[in-house]
Amino acid sequence: MKKRLALASALAGLLLLSNGAYIYAKARYGQFLLERAWARTRSGEANAKPWSWADTAPIARLEFPARGASYIVLSGASGRTMAWGPGHVDGTAMPNAPGNCAISAHRDTQFSVLRAVRIGEEIVVESADGSRVKYRVKETRVTNDRDLALLAPSGGRMLTLITCYPFDAVTPGGHGRYAVIAEK
Amino acid sequence: MKRLILALALLLTTAAAFAQNDLVKLDDVHSGTMLIQTTQPGLYIPAPAVDTDVKLHIRGLIVRGQVTQTFRNPASTCAEAIYAFPLPENATVDRMRLTVGQRVIEGEIKERGDAKKVYEQAKSEGKHASLLEQERPNIFTVNVANIAAGEEVVVAIEYQQTIEYRDGAFSLRFPTTIAPRYVPNGVVDAIRISPPVTPAPNPIHITVDLDAGFALREIDGVTHKIDATPQSGSHYVVRLENAQVPADRDFELRWLPDLGSEPKSAVFTESSKSGTYALIMMMPPQTQRREALPKESIFVIVNSGSMEGTSLNEAKTALQLALDRLSPRDRFNVMAFHDHTVVLWPDAKEATKDAVGEAKSFVDALKAESGTEMLPALEAALNDTHADSQEIRQVIFMTDGQVGNESELFQYIQSHLGRSRLFTVGIGNAPNSHFMRSASRLGRGTFTYIGDIAQVQEKMTSLFEKLESPVLSDVEIRFDDPAAEMWPRRIPDLYAGQPVIVAVKLSQPNGRVVASGRLGTTEWSDTHSVASNDEESGIAKLWARQQIESIVDEAPSDMKQKVTDVALQYHLVTEYTSLVAVDRTPADAKGAVCEARKVPVTLAAGWHGTTPDGSLPQTATPAPLMLIAGALLLGIAALIARMQS
């Protein structure tokens, strides 16, 4: 009886561990595939899909020079998209276009980097036409998931990066959000 | 014992249900409301409005609204509240004053960063201050701390908006009702046992001072019985027949100008320290006596990769609709562009059945291709082979506007427009509205946004109906004041059902203004004299707003500074300026200050979770939870195994 219980526990444990690891692996390996798709986008291919069945395409590269990190941003911020990389929130300005461009990603994968980002730091966005715009972090804000003011339009070029908060929380689905707001 | 537990449970559910039933969310606010904060974020208790006084001052298309409301804190404790005021899309609050006991909180326009600093400093000093914030699109909020139990708060705000003109009538709606109460899921039983809420009679007084600029055929209180007293000329004072009415429905007023069969113009003025401002309003005639003039239509459609899927299908549907509407007397051409431009015919053709058929199959065969080179397309579209013709030439440009070289395109439009008019149609999920709106303004046309395939038919039909009935073209407005500064600089044509509005700053208070244009083949003009006028009617603010729009269109390198300067001078809330509320209580005024507190409420079931439209994306993976739980289970397994051995 006890043996069976131990076996079941071990199996369930392994299953959970591998599922968790799979999520991280997807977030990491996905970025390699996305880099390739981005290179195709940059050479003029429109809607370059990272894999044939993808329902999203890379639209920008987001760089944190001070952190030595860079991620390919995908169109749309659905859960399916964000499993692979940061997602551009539909309806907000396109990367490097005038207005407020909102990008969101998971706090425990790509956007764990936001925890270290400081006010005054530089963030660079490269868009499909090759233009590179430098943004400077103006504000970091702890807020909640109802704070739609984060998505409000803006006159100048503005970048709003959103992730979950607190960074160390274990359970997903919380209402806390953390935002980094940068302006050109 | 059992009975006691039962009674206790019933009592608890009743209390929870009562509190819950009275709670509202910010999204539920449909009129000026004072909301008492509760311990549940996002849920508020609405404070009853004791009295509401509304003064609406209307000049032409501009409304200045003055709303003074008195609220009472319904909680039995000292509370912290939010004043929330929903605004129509084109309205902004520019003045605000709150009075709480002896405290006066006054709104000031400051540069956005400065406003935030003032607010943060006051907050850190424990003072009462607030930033006028836009919590949701078009809901403005102000925080007010320390309202004693039963204490009254007086809020006075001023806002400005422009009125819609549709089907020959102007109409204005003022929201007076408080939103219906929110009933959360899963507490239906609880609500059944909660005491019924008796509607509190919130008295409201409304006075409208109306000068439409034209004689009126009719003034109609759509929702309430009104008394309209004519003053001089086109000026009326409108009051409710019952001086006080319960605020149980919105107030709507409609007025129909008597326009006859010729275009008409009207001039309003506002004099202030900074100068004299004039508003020139041109109205199309009520009845169109001429039949539609023949015209040349150039349709341009983008089939670049960014349009792939629904966007391209929407654009194609829209274009097919347009082709169906052409009259045989019209001439037309179709162009499609991605990285190069494909022109159907070298020159525009008469819209014969065959030509329309050929164009329709050309459109039908379009597929998404790579690249977006807009300049060659614009060059082809504005290449006018009959530049000296009196015929109207309309370019209808359908695109998602995803371009990089905006300023180059703007310059081209400005210098090559000629007799053509540029009408942009924005298609797709996230069209570059800024580009398209600016391009149409420079092109003396309009911008139409189609966000959803279901809107294609409706929006395109209304655009084409307008395009088919131009009333007055080559509209010009001239002043005998050489220093007159006019916005917009390029005046669009006058179409049926759509007035043209121009705001101007004059260097002298008196002078003459001549509005002119071409009515088909005849010339039309109207002369007015400008008189100085001391009442504040919002013309200076409208002028400043239009100036800001032009600055944003041109997007100079010092745009932020230029916009901020204008906004500060004219007391406007913009992208770069905010209204910050500063507590102006004199230091010696010693009111009873209590500790700000949020009123506790019980959270009922069904309140967790978020709505798909109303919240930010979910941004955490279950991976850490899985890893920890997995490791834990492995540990347990090991422990059990060891215990056994």
# chains A, B, ... in the order shown; residues from 1 in each chain; ligands from 1
>>> interface_residues(of="chain B", to="chain A", cutoff="6 Å", atoms="only C-alpha atoms", output="list in words")
Glu135, Gly305, Ser370, Ala430, Glu575, Ser615, Leu616, Thr619, Ala620, Thr621, Pro622, Ala623, Pro624, Leu625, Met626, Leu627, Gly630, Leu633, Leu634, Ala637 and Ile640 of chain B
>>> select_by_dssp(residues="stretch 350-423 of chain B", states="strand (DSSP E)", output="list of chain:residue names")
B:Glu350, B:Ile392, B:Arg393, B:Gln394, B:Val395, B:Ile396, B:Phe397, B:Met398, B:Thr399, B:Ser420, B:Arg421, B:Leu422, B:Phe423
>>> write_last_selection(atoms="C-alpha atoms", output="PDB file, in the first residue's frame")
ATOM      1  CA  GLU B 350     -16.156  56.643 -67.547  1.00  0.00           C
ATOM      2  CA  ILE B 392     -14.578  67.357 -58.295  1.00  0.00           C
ATOM      3  CA  ARG B 393     -11.738  64.869 -57.867  1.00  0.00           C
ATOM      4  CA  GLN B 394     -11.882  62.556 -54.853  1.00  0.00           C
ATOM      5  CA  VAL B 395      -9.123  60.155 -53.857  1.00  0.00           C
ATOM      6  CA  ILE B 396     -10.319  57.364 -51.550  1.00  0.00           C
ATOM      7  CA  PHE B 397      -7.306  55.780 -49.897  1.00  0.00           C
ATOM      8  CA  MET B 398      -7.913  52.478 -48.051  1.00  0.00           C
ATOM      9  CA  THR B 399      -5.026  51.338 -45.896  1.00  0.00           C
ATOM     10  CA  SER B 420      -8.037  66.642 -55.489  1.00  0.00           C
ATOM     11  CA  ARG B 421      -9.406  65.820 -52.047  1.00  0.00           C
ATOM     12  CA  LEU B 422      -8.003  62.963 -49.986  1.00  0.00           C
ATOM     13  CA  PHE B 423     -10.347  60.692 -48.018  1.00  0.00           C
TER      14      PHE B 423
END
>>> residues_around(residues="B:Gly60", least_positions_apart="5", cutoff="9 Å", atoms="only C-alpha atoms", output="PyMOL selection string")
chain B and resi 162-163+210-214+266-268+279-281
>>> write_last_selection(atoms="all heavy atoms", output="short mmCIF file (atom, residue, chain, number, x, y, z; two decimals), in the first residue's frame")
data_model
loop_
_atom_site.label_atom_id
_atom_site.label_comp_id
_atom_site.auth_asym_id
_atom_site.auth_seq_id
_atom_site.Cartn_x
_atom_site.Cartn_y
_atom_site.Cartn_z
N THR B 162 -17.84 69.41 -28.12
CA THR B 162 -18.48 69.86 -29.35
C THR B 162 -19.68 68.96 -29.63
O THR B 162 -19.69 67.79 -29.27
CB THR B 162 -17.52 69.84 -30.55
OG1 THR B 162 -16.85 68.60 -30.54
CG2 THR B 162 -16.52 70.96 -30.48
N ILE B 163 -20.69 69.56 -30.26
CA ILE B 163 -21.97 68.86 -30.46
C ILE B 163 -22.01 68.17 -31.80
O ILE B 163 -21.41 68.64 -32.76
CB ILE B 163 -23.11 69.90 -30.39
CG1 ILE B 163 -23.14 70.52 -29.01
CG2 ILE B 163 -24.45 69.28 -30.70
CD1 ILE B 163 -24.17 71.59 -28.91
N LEU B 210 -28.65 79.01 -25.11
CA LEU B 210 -28.39 78.47 -26.44
C LEU B 210 -28.37 79.55 -27.52
O LEU B 210 -29.34 80.28 -27.68
CB LEU B 210 -29.48 77.43 -26.76
CG LEU B 210 -29.60 76.93 -28.20
CD1 LEU B 210 -28.40 76.10 -28.58
CD2 LEU B 210 -30.86 76.11 -28.38
N ASP B 211 -27.25 79.63 -28.24
CA ASP B 211 -27.22 80.44 -29.45
C ASP B 211 -26.64 79.58 -30.55
O ASP B 211 -25.43 79.35 -30.62
CB ASP B 211 -26.37 81.71 -29.24
CG ASP B 211 -26.48 82.65 -30.43
OD1 ASP B 211 -26.99 82.21 -31.49
OD2 ASP B 211 -26.06 83.81 -30.32
N ALA B 212 -27.53 79.06 -31.41
CA ALA B 212 -27.09 78.13 -32.45
C ALA B 212 -26.43 78.87 -33.60
O ALA B 212 -25.76 78.26 -34.42
CB ALA B 212 -28.29 77.35 -32.96
N GLY B 213 -26.63 80.20 -33.68
CA GLY B 213 -26.03 80.97 -34.77
C GLY B 213 -27.00 81.13 -35.93
O GLY B 213 -26.79 81.95 -36.80
N PHE B 214 -28.06 80.33 -35.95
CA PHE B 214 -29.04 80.38 -37.04
C PHE B 214 -30.43 80.39 -36.41
O PHE B 214 -30.62 79.87 -35.32
CB PHE B 214 -28.89 79.16 -37.94
CG PHE B 214 -27.50 78.97 -38.44
CD1 PHE B 214 -26.61 78.13 -37.76
CD2 PHE B 214 -27.05 79.65 -39.55
CE1 PHE B 214 -25.31 77.97 -38.21
CE2 PHE B 214 -25.75 79.50 -39.99
CZ PHE B 214 -24.87 78.67 -39.33
N ALA B 266 -22.17 81.53 -39.86
CA ALA B 266 -22.40 82.32 -38.65
C ALA B 266 -21.05 82.56 -37.99
O ALA B 266 -20.13 81.76 -38.15
CB ALA B 266 -23.32 81.58 -37.70
N VAL B 267 -20.95 83.67 -37.26
CA VAL B 267 -19.69 84.00 -36.59
C VAL B 267 -19.98 84.27 -35.12
O VAL B 267 -20.92 84.96 -34.78
CB VAL B 267 -19.02 85.23 -37.23
CG1 VAL B 267 -17.80 85.67 -36.43
CG2 VAL B 267 -18.61 84.93 -38.66
N PHE B 268 -19.18 83.68 -34.21
CA PHE B 268 -19.26 83.95 -32.77
C PHE B 268 -17.92 84.51 -32.33
O PHE B 268 -16.89 84.16 -32.90
CB PHE B 268 -19.51 82.66 -31.98
CG PHE B 268 -20.76 81.96 -32.36
CD1 PHE B 268 -20.74 80.93 -33.28
CD2 PHE B 268 -21.98 82.33 -31.80
CE1 PHE B 268 -21.91 80.27 -33.65
CE2 PHE B 268 -23.14 81.68 -32.15
CZ PHE B 268 -23.10 80.64 -33.08
N LEU B 279 -15.23 82.20 -34.03
CA LEU B 279 -15.58 80.87 -34.52
C LEU B 279 -16.45 81.08 -35.74
O LEU B 279 -17.47 81.77 -35.67
CB LEU B 279 -16.36 80.13 -33.44
CG LEU B 279 -16.98 78.80 -33.84
CD1 LEU B 279 -15.89 77.74 -33.87
CD2 LEU B 279 -18.07 78.40 -32.87
N ILE B 280 -16.03 80.53 -36.88
CA ILE B 280 -16.84 80.65 -38.09
C ILE B 280 -17.41 79.28 -38.36
O ILE B 280 -16.69 78.28 -38.41
CB ILE B 280 -16.01 81.13 -39.30
CG1 ILE B 280 -15.50 82.54 -39.03
CG2 ILE B 280 -16.86 81.17 -40.56
CD1 ILE B 280 -14.09 82.62 -38.63
N MET B 281 -18.74 79.25 -38.50
CA MET B 281 -19.41 77.97 -38.68
C MET B 281 -20.17 78.05 -40.00
O MET B 281 -20.92 78.99 -40.23
CB MET B 281 -20.36 77.81 -37.50
CG MET B 281 -21.07 76.52 -37.44
SD MET B 281 -21.84 76.46 -35.80
CE MET B 281 -23.22 75.44 -36.18
#
>>> closest_residue(among="A:Gln31, A:Thr143, A:Ser52, A:Asn100", to="A:Tyr71", atoms="only C-alpha atoms")
A:Gln31
>>> residues_around(residues="B:Gln546", least_positions_apart="4", cutoff="12 Å", atoms="only C-alpha atoms", output="compact mmCIF listing (two decimals) with N, CA, C and O atoms, in the first residue's frame")
# COMPACT_ATOMS: atom_id res chain seq x y z
N LEU B 279 -15.23 82.20 -34.03
CA LEU B 279 -15.58 80.87 -34.52
C LEU B 279 -16.45 81.08 -35.74
O LEU B 279 -17.47 81.77 -35.67
N ARG B 441 -6.57 65.54 -43.21
CA ARG B 441 -6.70 66.96 -42.90
C ARG B 441 -5.89 67.78 -43.90
O ARG B 441 -6.36 68.79 -44.41
N GLU B 485 -4.84 84.48 -37.18
CA GLU B 485 -4.24 83.15 -37.15
C GLU B 485 -5.38 82.13 -37.17
O GLU B 485 -6.14 82.03 -36.22
N MET B 486 -5.48 81.39 -38.27
CA MET B 486 -6.64 80.54 -38.46
C MET B 486 -6.28 79.05 -38.35
O MET B 486 -5.26 78.61 -38.86
N TRP B 487 -7.11 78.27 -37.67
CA TRP B 487 -6.95 76.82 -37.60
C TRP B 487 -8.26 76.15 -37.92
O TRP B 487 -9.27 76.55 -37.37
N PRO B 488 -8.35 75.15 -38.72
CA PRO B 488 -7.22 74.60 -39.49
C PRO B 488 -6.84 75.57 -40.61
O PRO B 488 -7.64 76.37 -41.03
N ARG B 489 -5.60 75.44 -41.06
CA ARG B 489 -5.13 76.35 -42.11
C ARG B 489 -5.77 76.03 -43.43
O ARG B 489 -6.03 76.90 -44.23
N ARG B 490 -6.00 74.72 -43.67
CA ARG B 490 -6.63 74.32 -44.92
C ARG B 490 -8.06 73.92 -44.62
O ARG B 490 -8.30 73.04 -43.80
N ILE B 501 -16.15 74.02 -39.41
CA ILE B 501 -15.85 74.86 -38.26
C ILE B 501 -14.43 75.38 -38.37
O ILE B 501 -13.50 74.60 -38.59
N VAL B 502 -14.25 76.69 -38.23
CA VAL B 502 -12.91 77.27 -38.27
C VAL B 502 -12.77 78.21 -37.07
O VAL B 502 -13.67 79.00 -36.79
N ALA B 503 -11.67 78.11 -36.35
CA ALA B 503 -11.43 79.00 -35.23
C ALA B 503 -10.27 79.92 -35.58
O ALA B 503 -9.32 79.51 -36.24
N VAL B 504 -10.36 81.18 -35.16
CA VAL B 504 -9.33 82.14 -35.55
C VAL B 504 -9.03 83.08 -34.40
O VAL B 504 -9.91 83.40 -33.60
N LYS B 505 -7.77 83.48 -34.30
CA LYS B 505 -7.38 84.48 -33.31
C LYS B 505 -7.11 85.78 -34.06
O LYS B 505 -6.36 85.78 -35.05
N ILE B 539 -14.49 79.54 -27.23
CA ILE B 539 -13.88 79.67 -28.56
C ILE B 539 -12.36 79.70 -28.47
O ILE B 539 -11.66 79.05 -29.24
N ALA B 540 -11.85 80.43 -27.45
CA ALA B 540 -10.39 80.50 -27.28
C ALA B 540 -9.83 79.10 -27.05
O ALA B 540 -8.80 78.72 -27.61
N LYS B 541 -10.53 78.30 -26.24
CA LYS B 541 -10.07 76.94 -25.96
C LYS B 541 -10.13 76.07 -27.20
O LYS B 541 -9.24 75.27 -27.46
N LEU B 542 -11.19 76.23 -27.98
CA LEU B 542 -11.31 75.46 -29.22
C LEU B 542 -10.18 75.84 -30.18
O LEU B 542 -9.56 74.98 -30.80
N SER B 550 -2.87 70.77 -34.92
CA SER B 550 -1.98 71.07 -36.05
C SER B 550 -0.52 70.83 -35.68
O SER B 550 0.25 70.33 -36.49
N ILE B 551 -0.15 71.18 -34.44
CA ILE B 551 1.23 70.95 -34.00
C ILE B 551 1.51 69.45 -34.02
O ILE B 551 2.54 69.00 -34.51
N VAL B 552 0.56 68.67 -33.49
CA VAL B 552 0.76 67.22 -33.45
C VAL B 552 0.84 66.66 -34.87
O VAL B 552 1.62 65.76 -35.16
N ASP B 553 0.04 67.19 -35.79
CA ASP B 553 0.10 66.75 -37.19
C ASP B 553 1.48 66.97 -37.77
O ASP B 553 2.02 66.12 -38.47
N VAL B 563 3.26 72.05 -27.48
CA VAL B 563 1.92 71.68 -27.01
C VAL B 563 1.73 72.12 -25.55
O VAL B 563 0.70 72.69 -25.19
N VAL B 566 1.02 75.92 -25.22
CA VAL B 566 -0.35 76.29 -25.57
C VAL B 566 -1.31 75.82 -24.47
O VAL B 566 -2.20 76.56 -24.03
N ALA B 567 -1.11 74.59 -24.00
CA ALA B 567 -2.03 74.00 -23.01
C ALA B 567 -2.01 74.79 -21.70
O ALA B 567 -3.05 75.04 -21.10
N TYR B 570 -3.82 78.15 -22.15
CA TYR B 570 -5.27 78.10 -22.33
C TYR B 570 -5.97 77.16 -21.34
O TYR B 570 -7.12 76.83 -21.52
N LEU B 572 -5.67 73.82 -20.58
CA LEU B 572 -6.20 72.62 -21.22
C LEU B 572 -5.52 71.37 -20.69
O LEU B 572 -4.32 71.37 -20.44
>>> atom_distance(atom1="atom CA of A:Arg141", atom2="atom CA of B:Lys25")
22.3 Å
>>> select_by_dssp(residues="chain A", states="helix (DSSP H, G or I)", output="MDAnalysis selection string")
chainID A and resid 2:42 65:67 79:82 110:115 148:151
>>> residues_around(residues="B:Ser389", least_positions_apart="6", cutoff="12 Å", atoms="only C-alpha atoms", output="ChimeraX atom specification")
/B:294-296,418-420,521
